[in-house]
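Peer 1: Okay, handing you the structure first.
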Amino acid sequence: MTDFKSFIKTIIFIPTLFTMGSTQFDMQQAIIRIATINVNGLHDLTKRQNTFDFFKIRQYDIIFLQETHSEKTLEKIWQQEWDGLSFWNSGDKKRSSGVSFLVRKGFEIKIEQIEKDTDGKILSLCFLY
């Protein structure tokens, strides 16, 4: 199995109080575990399974994947392989493109807005949890 430990950047996000529109949220106890990694392609089934298993075991809430080299025709298959929610932007090029936003099964979010570019390099989500 690939040793991802040296590639992972973990962010612990601990908000205290924020306002969205006219609603104020107190999030003192909320912790979101976020990880990001450049996977340099996920076409290989074993690599993809190992990557997904790595994050499932560590129970990150949200995972950002870069350079998935995904294709629109594979997105549904890869969504099924990941147990939770997943969002993909493949773009038109296979190499050096493709990004994904994975959400751990059981971590409930409500998507408000999704934006993508046509190059498969940007995937922007606005969500509530």
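Every chain in the structure tokens takes a letter, A first, then B, and so on in the order presented; its residues are numbered from 1, and the ligands are numbered from 1 following the presented order.
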Fewer than 5 positions away in the same chain doesn't count, so skip those; otherwise give me all residues within 12 Å of range 74-80 of chain A, counting only C-alpha atoms, as number ranges by chain.
Peer 2: A: 42-45, 48-49, 51-52, 68-69, 85-91, 94, 98-103, 105
Peer 1: Taking only C-alpha atoms into account, name the residue in A:Thr118, A:Gly106, A:Gln113, A:Ala35 that is nearest to Lys72 in chain A.
Peer 2: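 Using only C-alpha atoms, Lys72 in chain A sits closest to A:Thr118.
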Peer 1: Would you mind telling me which residue in A:Ala30, A:Ser96, A:Lys121, A:Arg104 lies nearest to Ile63 in chain A when using only C-alpha atoms?
Peer 2: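 Of the candidates, the smallest distance to Ile63 in chain A is held by A:Arg104.
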Peer 1: Once DSSP has gone over the backbone, tell me which residues of range 23-92 of chain A are in strand (DSSP E), as a list in words.
Peer 2: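 The strand (DSSP E) residues within range 23-92 of chain A come out as Thr23, Gln24, Phe25, Asp26, Ile32, Arg33, Ile34, Ala35, Thr36, Ile37, Asn38, Ile62, Ile63, Phe64, Leu65, Gln66, Ser86, Phe87, Trp88 and Asn89 of chain A.
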Peer 1: For those residues, write N, CA and C atoms to a file as a tab-separated table (two decimals), in the first residue's frame.
Peer 2:
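Below is the file selection39.tsv, written as the result:
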chain	number	residue	atom	x	y	z
A	23	THR	N	-28.68	34.59	9.81
A	23	THR	CA	-28.62	33.53	10.83
A	23	THR	C	-27.23	33.45	11.43
A	24	GLN	N	-27.17	33.39	12.75
A	24	GLN	CA	-25.90	33.26	13.44
A	24	GLN	C	-25.78	31.84	13.99
A	25	PHE	N	-24.62	31.22	13.77
A	25	PHE	CA	-24.38	29.85	14.19
A	25	PHE	C	-23.29	29.81	15.25
A	26	ASP	N	-23.52	29.06	16.32
A	26	ASP	CA	-22.52	28.84	17.35
A	26	ASP	C	-21.95	27.45	17.13
A	32	ILE	N	-14.14	19.64	12.15
A	32	ILE	CA	-14.18	18.99	10.85
A	32	ILE	C	-12.76	18.53	10.53
A	33	ARG	N	-12.62	17.26	10.23
A	33	ARG	CA	-11.31	16.72	9.83
A	33	ARG	C	-11.24	16.72	8.31
A	34	ILE	N	-10.27	17.48	7.78
A	34	ILE	CA	-10.12	17.68	6.34
A	34	ILE	C	-8.73	17.22	5.91
A	35	ALA	N	-8.67	16.56	4.77
A	35	ALA	CA	-7.38	16.15	4.21
A	35	ALA	C	-7.36	16.47	2.72
A	36	THR	N	-6.17	16.68	2.19
A	36	THR	CA	-6.02	16.93	0.76
A	36	THR	C	-4.79	16.18	0.26
A	37	ILE	N	-4.88	15.70	-0.97
A	37	ILE	CA	-3.76	14.97	-1.56
A	37	ILE	C	-3.81	15.05	-3.08
A	38	ASN	N	-2.64	15.14	-3.70
A	38	ASN	CA	-2.51	15.02	-5.14
A	38	ASN	C	-2.30	13.53	-5.41
A	62	ILE	N	-13.93	15.32	5.29
A	62	ILE	CA	-13.90	15.83	3.92
A	62	ILE	C	-12.50	15.62	3.36
A	63	ILE	N	-12.45	15.12	2.13
A	63	ILE	CA	-11.18	14.87	1.47
A	63	ILE	C	-11.19	15.56	0.12
A	64	PHE	N	-10.12	16.28	-0.17
A	64	PHE	CA	-9.95	16.92	-1.47
A	64	PHE	C	-8.90	16.12	-2.24
A	65	LEU	N	-9.23	15.69	-3.45
A	65	LEU	CA	-8.28	14.99	-4.31
A	65	LEU	C	-7.97	15.86	-5.51
A	66	GLN	N	-6.68	15.96	-5.83
A	66	GLN	CA	-6.25	16.69	-7.01
A	66	GLN	C	-5.61	15.72	-7.99
A	86	SER	N	-19.74	12.09	-3.04
A	86	SER	CA	-18.55	12.53	-3.77
A	86	SER	C	-18.97	13.42	-4.92
A	87	PHE	N	-18.13	14.38	-5.19
A	87	PHE	CA	-18.36	15.33	-6.27
A	87	PHE	C	-17.09	15.37	-7.10
A	88	TRP	N	-17.24	15.37	-8.42
A	88	TRP	CA	-16.09	15.26	-9.32
A	88	TRP	C	-16.14	16.33	-10.38
A	89	ASN	N	-14.98	16.80	-10.80
A	89	ASN	CA	-14.85	17.65	-11.96
A	89	ASN	C	-13.71	17.09	-12.81
Peer 1: Please indicate the distance in Å from CA of Asp53 in chain A to CA of Asp117 in chain A, rounded to one decimal place.
Peer 2: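 CA of Asp53 in chain A sits 28.3 Å away from CA of Asp117 in chain A.
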Peer 1: Counting only C-alpha atoms, which residue out of A:Ser97, A:Leu128, A:Ser22, A:Glu115 sits closest to Ser70 in chain A?
Peer 2: A:Ser97
Peer 1: To one decimal in Å, tell me the separation between CA of Ile111 in chain A and CA of Asp61 in chain A.
Peer 2: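 Atom-to-atom, CA of Ile111 in chain A to CA of Asp61 in chain A, that is 14.8 Å.
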